[in-house]
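Here's data11.cif, which has mmCIF, C-alpha atoms:
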data_protein
#
loop_
_atom_site.label_atom_id
_atom_site.label_comp_id
_atom_site.auth_asym_id
_atom_site.auth_seq_id
_atom_site.Cartn_x
_atom_site.Cartn_y
_atom_site.Cartn_z
CA MET O 1 117.43 57.27 147.01
CA THR O 2 114.57 56.86 149.49
CA HIS O 3 112.52 59.75 150.91
CA ARG O 4 114.23 59.10 154.23
CA ARG O 5 117.74 59.18 152.78
CA MET O 6 117.05 62.36 150.83
CA GLY O 7 115.64 63.91 153.99
CA ILE O 8 118.75 62.93 155.93
CA VAL O 9 121.05 64.51 153.35
CA ILE O 10 119.17 67.81 153.25
CA GLY O 11 117.93 67.91 156.83
CA ALA O 12 121.19 66.93 158.50
CA ALA O 13 123.12 69.63 156.71
CA VAL O 14 120.60 72.31 157.58
CA ALA O 15 120.33 71.31 161.22
CA ALA O 16 123.98 70.58 161.97
CA ALA O 17 125.42 73.48 160.01
CA GLY O 18 122.84 75.98 161.19
CA LEU O 19 121.98 76.89 157.63
CA GLY O 20 118.98 79.16 157.20
CA ALA O 21 117.73 82.21 155.40
CA GLY O 22 121.09 83.86 155.83
CA VAL O 23 122.72 81.35 153.53
CA ALA O 24 120.68 82.59 150.60
CA VAL O 25 122.11 86.05 151.16
CA ALA O 26 125.66 84.88 151.74
CA VAL O 27 125.87 82.71 148.64
CA SER O 28 123.28 84.15 146.31
CA GLY O 29 125.36 84.36 143.17
CA GLY O 30 123.77 83.46 139.86
CA PRO O 31 124.91 80.53 137.69
CA GLY O 32 128.32 80.96 136.16
CA THR O 33 129.72 83.37 138.74
CA ALA O 34 133.35 83.22 139.75
CA SER O 35 132.50 81.68 143.10
CA GLN O 36 130.48 78.96 141.38
CA ARG O 37 133.58 78.03 139.42
CA GLY O 38 135.51 77.93 142.69
CA THR O 39 137.90 80.78 141.83
CA THR O 40 136.95 83.55 144.25
CA SER O 41 134.52 84.38 147.05
CA ALA O 42 135.78 84.40 150.60
CA VAL O 43 132.24 84.14 151.92
CA VAL O 44 131.47 80.88 150.19
CA THR O 45 134.81 79.10 150.17
CA ALA O 46 135.86 80.01 153.73
CA ALA O 47 132.58 79.87 155.62
CA PRO O 48 132.34 77.00 158.15
CA PRO O 49 128.84 76.01 156.90
CA TYR O 50 130.26 75.36 153.42
CA SER O 51 133.04 73.26 154.93
CA TYR O 52 130.42 71.26 156.74
CA TYR O 53 128.43 70.87 153.53
CA GLN O 54 131.49 69.47 151.77
CA SER O 55 132.23 67.02 154.55
CA MET O 56 128.58 65.93 154.71
CA MET O 57 128.36 65.33 150.96
CA ASN O 58 131.63 63.42 150.99
CA ARG O 59 130.36 61.32 153.88
CA TYR O 60 127.19 60.34 152.05
CA TYR O 61 128.43 60.28 148.48
CA GLY O 62 132.21 60.12 148.56
CA GLY O 63 134.27 57.40 146.96
CA THR O 64 134.79 55.98 143.49
CA GLY O 65 131.60 55.29 141.60
CA SER O 66 129.38 57.16 144.00
CA MET O 67 126.41 59.20 142.87
CA MET O 68 128.19 62.52 143.16
CA SER O 69 131.23 61.46 141.14
CA GLY O 70 129.25 61.31 137.89
CA SER O 71 127.73 64.07 135.81
CA TYR O 72 126.52 65.84 138.96
CA GLY O 73 129.95 66.30 140.50
CA TRP O 74 129.16 70.02 140.64
CA MET O 75 127.01 69.16 143.69
CA MET O 76 130.24 68.86 145.70
CA GLY O 77 131.33 72.39 144.90
CA THR O 78 130.13 75.90 145.63
CA SER O 79 127.49 75.80 142.89
CA GLY O 80 125.90 72.72 144.50
CA TYR O 81 126.06 74.38 147.90
CA ARG O 82 124.21 77.44 146.65
CA TRP O 83 121.69 75.37 144.71
CA MET O 84 120.94 73.11 147.68
CA PHE O 85 120.68 75.85 150.28
CA GLY O 86 118.83 78.80 148.91
CA GLY O 87 120.81 80.41 146.12
CA THR O 88 118.98 82.10 143.29
CA THR O 89 119.06 78.92 141.19
CA ALA O 90 117.50 76.80 143.94
CA PRO O 91 113.89 75.59 143.65
CA ALA O 92 111.31 77.89 145.26
CA TRP O 93 110.60 75.41 148.07
CA MET O 94 114.24 75.71 149.16
CA ARG O 95 113.76 79.49 149.40
CA GLY O 96 110.72 79.59 151.67
CA ALA O 97 107.87 78.42 149.39
CA LEU O 98 105.67 75.44 150.22
CA VAL O 99 107.13 72.00 149.66
CA PRO O 100 105.53 70.50 146.51
CA ALA O 101 102.75 68.04 147.23
CA ILE O 102 104.52 65.47 145.04
CA MET O 103 107.28 65.27 147.64
CA MET O 104 104.96 64.55 150.53
CA GLY O 105 103.44 61.22 149.50
CA THR O 106 104.91 57.81 150.26
CA SER O 107 103.64 56.02 147.14
CA THR O 108 105.04 58.49 144.62
CA ASP O 109 107.55 57.25 142.05
CA MET O 110 110.87 58.43 143.44
CA GLY O 111 111.77 59.50 139.94
CA GLN O 112 108.98 62.07 140.05
CA VAL O 113 110.37 63.51 143.27
CA MET O 114 113.90 63.59 141.88
CA GLY O 115 112.71 64.99 138.56
CA GLN O 116 111.08 67.95 140.25
CA LEU O 117 113.97 68.37 142.68
CA TRP O 118 116.50 68.70 139.85
CA ALA O 119 114.30 70.32 137.21
CA ASN O 120 116.09 73.67 137.45
CA ALA O 121 119.58 72.34 138.04
CA PRO O 122 122.39 73.77 135.90
CA GLY O 123 123.51 71.92 132.81
CA PRO O 124 123.15 71.64 129.03
CA ARG O 125 119.69 71.57 127.45
CA VAL O 126 118.33 70.38 124.11
CA SER O 127 115.04 71.14 122.39
CA THR O 128 112.27 68.62 121.80
CA SER O 129 113.07 68.52 118.09
CA GLN O 130 116.77 68.02 118.75
CA ALA O 131 116.04 65.13 121.11
CA ALA O 132 113.75 63.47 118.57
CA ALA O 133 116.40 63.78 115.86
CA LEU O 134 119.18 62.45 118.08
CA GLY O 135 117.11 59.49 119.26
CA GLY O 136 116.38 58.42 115.70
CA GLN O 137 119.83 59.10 114.28
CA VAL O 138 122.01 56.14 113.28
CA PRO O 139 125.40 56.71 114.94
CA ALA O 140 128.39 57.25 112.65
CA GLY O 141 130.31 54.05 111.95
CA ALA O 142 127.53 51.82 113.28
CA THR O 143 125.62 48.94 111.71
CA VAL O 144 121.99 48.74 112.81
CA SER O 145 119.96 45.53 112.76
CA LYS O 146 116.30 46.25 113.44
CA SER O 147 115.42 42.54 113.44
CA ALA O 148 118.02 41.79 116.11
CA ASN O 149 117.54 45.16 117.84
CA THR O 150 121.31 45.58 117.80
CA ILE O 151 123.71 48.44 117.05
CA THR O 152 127.26 47.28 116.29
CA PHE O 153 130.41 49.39 116.19
CA THR O 154 133.81 48.27 114.90
CA THR O 155 135.53 51.62 115.28
CA SER O 156 137.87 52.71 118.06
CA THR O 157 135.75 55.82 118.64
CA VAL O 158 132.07 55.37 119.44
CA SER O 159 129.55 58.18 119.76
CA LEU O 160 125.80 57.88 120.28
CA ALA O 161 122.79 59.53 121.89
CA ALA O 162 120.40 57.85 124.33
CA VAL O 163 117.02 59.53 124.82
CA ALA O 164 115.31 58.47 128.02
CA SER O 165 111.54 58.02 127.91
CA PRO O 166 111.04 59.57 124.45
CA ALA O 167 107.65 60.87 123.37
CA ILE O 168 107.55 58.61 120.30
CA GLY O 169 108.46 55.40 122.12
CA PRO O 170 107.35 53.31 125.09
CA ASP O 171 107.52 55.03 128.45
CA GLU O 172 110.59 54.32 130.59
CA THR O 173 112.80 53.04 127.78
CA PHE O 174 115.85 54.33 125.96
CA ARG O 175 115.72 55.29 122.29
CA ILE O 176 119.10 54.81 120.62
CA GLY O 177 119.64 54.86 116.87
CA GLY O 178 115.91 54.60 116.28
CA LEU O 179 115.62 51.41 118.36
CA VAL O 180 114.16 50.71 121.80
CA ASP O 181 116.65 49.50 124.43
CA PRO O 182 118.93 48.01 121.74
CA LYS O 183 121.89 45.75 122.37
CA LEU O 184 125.08 47.76 121.87
CA VAL O 185 128.27 46.10 120.63
CA VAL O 186 131.64 47.90 120.79
CA PRO O 187 135.25 46.67 120.50
CA ALA O 188 137.47 46.51 123.56
CA GLY O 189 139.51 49.67 123.98
CA ALA O 190 136.95 51.85 122.22
CA ARG O 191 136.51 55.39 123.52
CA VAL O 192 132.76 55.69 124.05
CA THR O 193 130.81 58.94 124.23
CA ILE O 194 127.12 58.81 125.13
CA GLN O 195 124.91 61.88 125.23
CA VAL O 196 122.06 61.16 127.62
CA ILE O 197 118.86 63.19 127.26
CA ASN O 198 115.87 63.09 129.59
CA ALA O 199 112.74 63.58 127.46
CA ASP O 200 110.36 62.84 130.34
CA PRO O 201 108.39 65.91 131.49
CA VAL O 202 107.60 64.55 134.96
CA THR O 203 110.28 62.01 135.95
CA ALA O 204 114.05 61.96 136.39
CA HIS O 205 116.13 59.49 134.40
CA GLY O 206 119.80 58.68 133.97
CA LEU O 207 122.04 56.04 132.43
CA VAL O 208 124.75 53.90 134.00
CA ILE O 209 126.90 51.15 132.46
CA THR O 210 127.20 48.43 135.09
CA SER O 211 128.61 44.93 135.36
CA ALA O 212 126.17 43.97 138.10
CA ALA O 213 124.80 40.44 137.76
CA ASP O 214 121.30 41.59 138.65
CA PRO O 215 120.30 44.37 136.24
CA VAL O 216 116.90 44.88 137.85
CA SER O 217 117.97 46.02 141.30
CA ALA O 218 115.33 48.18 142.97
CA MET O 219 118.02 50.67 144.00
CA PRO O 220 120.73 50.76 141.30
CA MET O 221 122.17 53.98 142.74
CA MET O 222 123.11 52.06 145.87
CA THR O 223 124.01 48.66 144.38
CA ASP O 224 125.21 48.96 140.77
CA ARG O 225 128.50 50.77 140.42
CA PRO O 226 129.71 51.95 137.00
CA ALA O 227 131.65 49.26 135.13
CA PHE O 228 134.09 51.80 133.68
CA THR O 229 135.43 55.08 134.98
CA GLY O 230 133.10 57.80 133.75
CA SER O 231 130.30 55.48 132.59
CA ALA O 232 127.50 57.14 134.57
CA VAL O 233 124.99 59.94 134.29
CA TRP O 234 123.15 59.37 137.54
CA PHE O 235 120.06 61.45 136.94
CA LEU O 236 118.68 64.34 134.91
CA GLY O 237 115.74 66.49 135.98
CA ASN O 238 112.39 67.15 134.35
CA LEU O 239 111.87 69.01 131.12
CA THR O 240 111.36 72.75 131.64
CA ALA O 241 110.79 75.76 129.39
CA ALA O 242 114.58 75.86 128.97
CA GLY O 243 114.54 72.45 127.30
CA MET O 244 115.44 68.85 128.13
CA HIS O 245 118.31 68.11 130.47
CA SER O 246 121.33 66.56 128.77
CA ALA O 247 124.66 65.25 130.02
CA THR O 248 127.51 63.42 128.30
CA MET O 249 129.53 60.50 129.62
CA VAL O 250 132.88 59.52 128.17
CA PHE O 251 134.64 56.28 129.05
CA THR O 252 136.95 53.61 127.66
CA ALA O 253 135.42 50.15 127.19
CA SER O 254 138.62 48.65 128.49
CA THR O 255 137.58 45.07 129.24
CA ALA O 256 135.74 42.62 127.00
CA GLY O 257 132.56 41.13 128.44
CA SER O 258 128.83 41.57 128.87
CA TYR O 259 127.49 44.63 130.65
CA THR O 260 124.15 46.28 131.33
CA TYR O 261 123.12 49.86 130.74
CA LEU O 262 120.21 50.96 132.87
CA CYS O 263 118.37 53.88 134.39
CA PRO O 264 119.61 54.18 137.99
CA VAL O 265 116.49 55.92 139.31
CA PRO O 266 114.84 53.56 141.84
CA GLY O 267 112.38 51.15 140.19
CA HIS O 268 113.04 52.12 136.58
CA ALA O 269 115.38 49.25 135.65
CA GLU O 270 112.86 46.89 137.22
CA LYS O 271 110.29 48.19 134.76
CA GLY O 272 112.54 47.34 131.85
CA MET O 273 114.55 50.52 131.41
CA SER O 274 117.76 48.68 130.58
CA GLY O 275 119.70 47.04 127.77
CA GLN O 276 122.84 45.08 127.05
CA LEU O 277 126.31 46.32 126.17
CA THR O 278 128.74 43.78 124.77
CA VAL O 279 132.42 44.65 124.59
CA THR O 280 134.09 42.32 122.09
CA PRO O 281 137.77 41.26 122.26
CA SER O 282 140.11 43.35 120.13
#
Reformat the file's structure so that it appears as C-alpha cells.
Amino acid sequence: MTHRRMGIVIGAAVAAAGLGAGVAVAVSGGPGTASQRGTTSAVVTAAPPYSYYQSMMNRYYGGTGSMMSGSYGWMMGTSGYRWMFGGTTAPAWMRGALVPAIMMGTSTDMGQVMGQLWANAPGPRVSTSQAAALGGQVPAGATVSKSANTITFTTSTVSLAAVASPAIGPDETFRIGGLVDPKLVVPAGARVTIQVINADPVTAHGLVITSAADPVSAMPMMTDRPAFTGSAVWFLGNLTAAGMHSATMVFTASTAGSYTYLCPVPGHAEKGMSGQLTVTPS
C-alpha cells in the first residue's frame, strides 16, 4: 500500500463521512465490547457514518482474496471502525496527537509505517521466548533436511509456525522449524495451519501463499492473490509491551503444484522474504 493509497482510504472516509472528534465519543467502546462483536449498539450499527465506512472499505478492499478478507477481516466491522476513527484502541495520532514523523517521509520503508499504524491493533500476542521456541521447533510429523533446507510432511494434517524477521536469524526472513525460508512440502488435500508471528520491533510483516509467477513483486498486496482460500495473513504490527502480534491461517492445499510463500508488505519479498511451497500429488 502506498502512502497515497493509505491516505485515500483514511482521508476519503473522514472527509466524505464527516467523521471527526464526535466519532470517538459515539463509538468509544473498549476491545471486546458487545458492539465490537456486532451484537448490539444502535449508535454504531445504525449511524450513517458507519454505513459509509463499510461501503468505503468494501469499495477499496472488497472481493475474494483482498487484503481485508484475511486475518484482518475485523477491519470491516464495528471494531475496525472504532479503531480507525478514534476509539479508545486507536493510535494516539488518530485521537488528536501529532502524526508520527515516520509517517511523513517519502523514503521510509512502507513496512515501518504499517508496523506503527497497526502496532496496537487487536489480536493474539506471544512473548519473545515463545516466538523463539516456536521458530526453532520441528513441526509434528515433519522430516527436516538442513542440507536441503526443506521441511517435508506426509500427513493429512500439517501444523507449523513461521516467525517473521526473528532476532536470531537474518533480517526480513522467515524462521520455520529452525530453518531460514525453507522449502515446504505437503501432500495434496492436507489441511494446513500456519501460525504467523511478527518478531520485528519496527516493521510490519505478514505471510501469503501465492501461485503468482513472479514472487518478487514490489506490491504483493495488489498483485499476488492467495493460492488457497484462507492462505493469507496480510500484515501484523510492531512488537509492543503486550508482546508480538500473531495470527493463524488455515487452508486446504487442494491442488498439487509449486507455490510461493512471501511477506506481502511492499518491498519485502523483493529483499528475499519468501520461500517455496510444493504440494505433491496424493
Explicit residue set for the PyMOL selection byres ((chain O and resi 165-175) around 6), as number ranges by chain: O: 135, 162-164, 176, 179-181, 199-200, 273
Tell me which residues the PyMOL selection byres ((chain O and resi 116-128) around 8) grabs here, as a ChimeraX atom specification. /O:31,83,89-91,112-115,129-132,197,199,202-204,236-240,242-247
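Of the listed residues O:Pro264, O:Gly141, O:Gly111, O:Gly257, the one whose atoms come nearest to O:Gln276 is O:Gly257, with distances taken using only C-alpha atoms.
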Residues within 7 Å of (124.3, 47.1, 118.3), counting all atoms listed in the file, listed as an MDAnalysis selection string: chainID O and resid 143:144 150:153 182:185
For C-alpha atoms, I'd like the residues from the last selection saved as an mmCIF file, in the frame of the given file.
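Below you can see part.cif, which holds the result:
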data_model
loop_
_atom_site.group_PDB
_atom_site.id
_atom_site.type_symbol
_atom_site.label_atom_id
_atom_site.label_comp_id
_atom_site.auth_asym_id
_atom_site.auth_seq_id
_atom_site.Cartn_x
_atom_site.Cartn_y
_atom_site.Cartn_z
ATOM 1 C CA THR O 143 125.620 48.940 111.710
ATOM 2 C CA VAL O 144 121.990 48.740 112.810
ATOM 3 C CA THR O 150 121.310 45.580 117.800
ATOM 4 C CA ILE O 151 123.710 48.440 117.050
ATOM 5 C CA THR O 152 127.260 47.280 116.290
ATOM 6 C CA PHE O 153 130.410 49.390 116.190
ATOM 7 C CA PRO O 182 118.930 48.010 121.740
ATOM 8 C CA LYS O 183 121.890 45.750 122.370
ATOM 9 C CA LEU O 184 125.080 47.760 121.870
ATOM 10 C CA VAL O 185 128.270 46.100 120.630
#
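Take atom CA of O:Trp234 and atom CA of O:Tyr81: the distance between them is 18.5 Å.
Relative to atom CA of O:Gly230, atom CA of O:Ser211 is found at 13.7 Å.
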Separation of atom CA of O:His205 and atom CA of O:Phe235, in Å? 5.1 Å
Counting only C-alpha atoms, note down every residue that has an atom within 9 Å of the point (138.5, 44.2, 120.2) (file coordinates), as a PyMOL selection string. chain O and resi 154+156+186-190+256+279-282
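On the file presented, the PyMOL selection byres ((chain O and resi 274) around 7) picks out Asp181, Thr260, Tyr261, Leu262, Cys263, Ala269, Gly272, Met273 and Gly275 of chain O.
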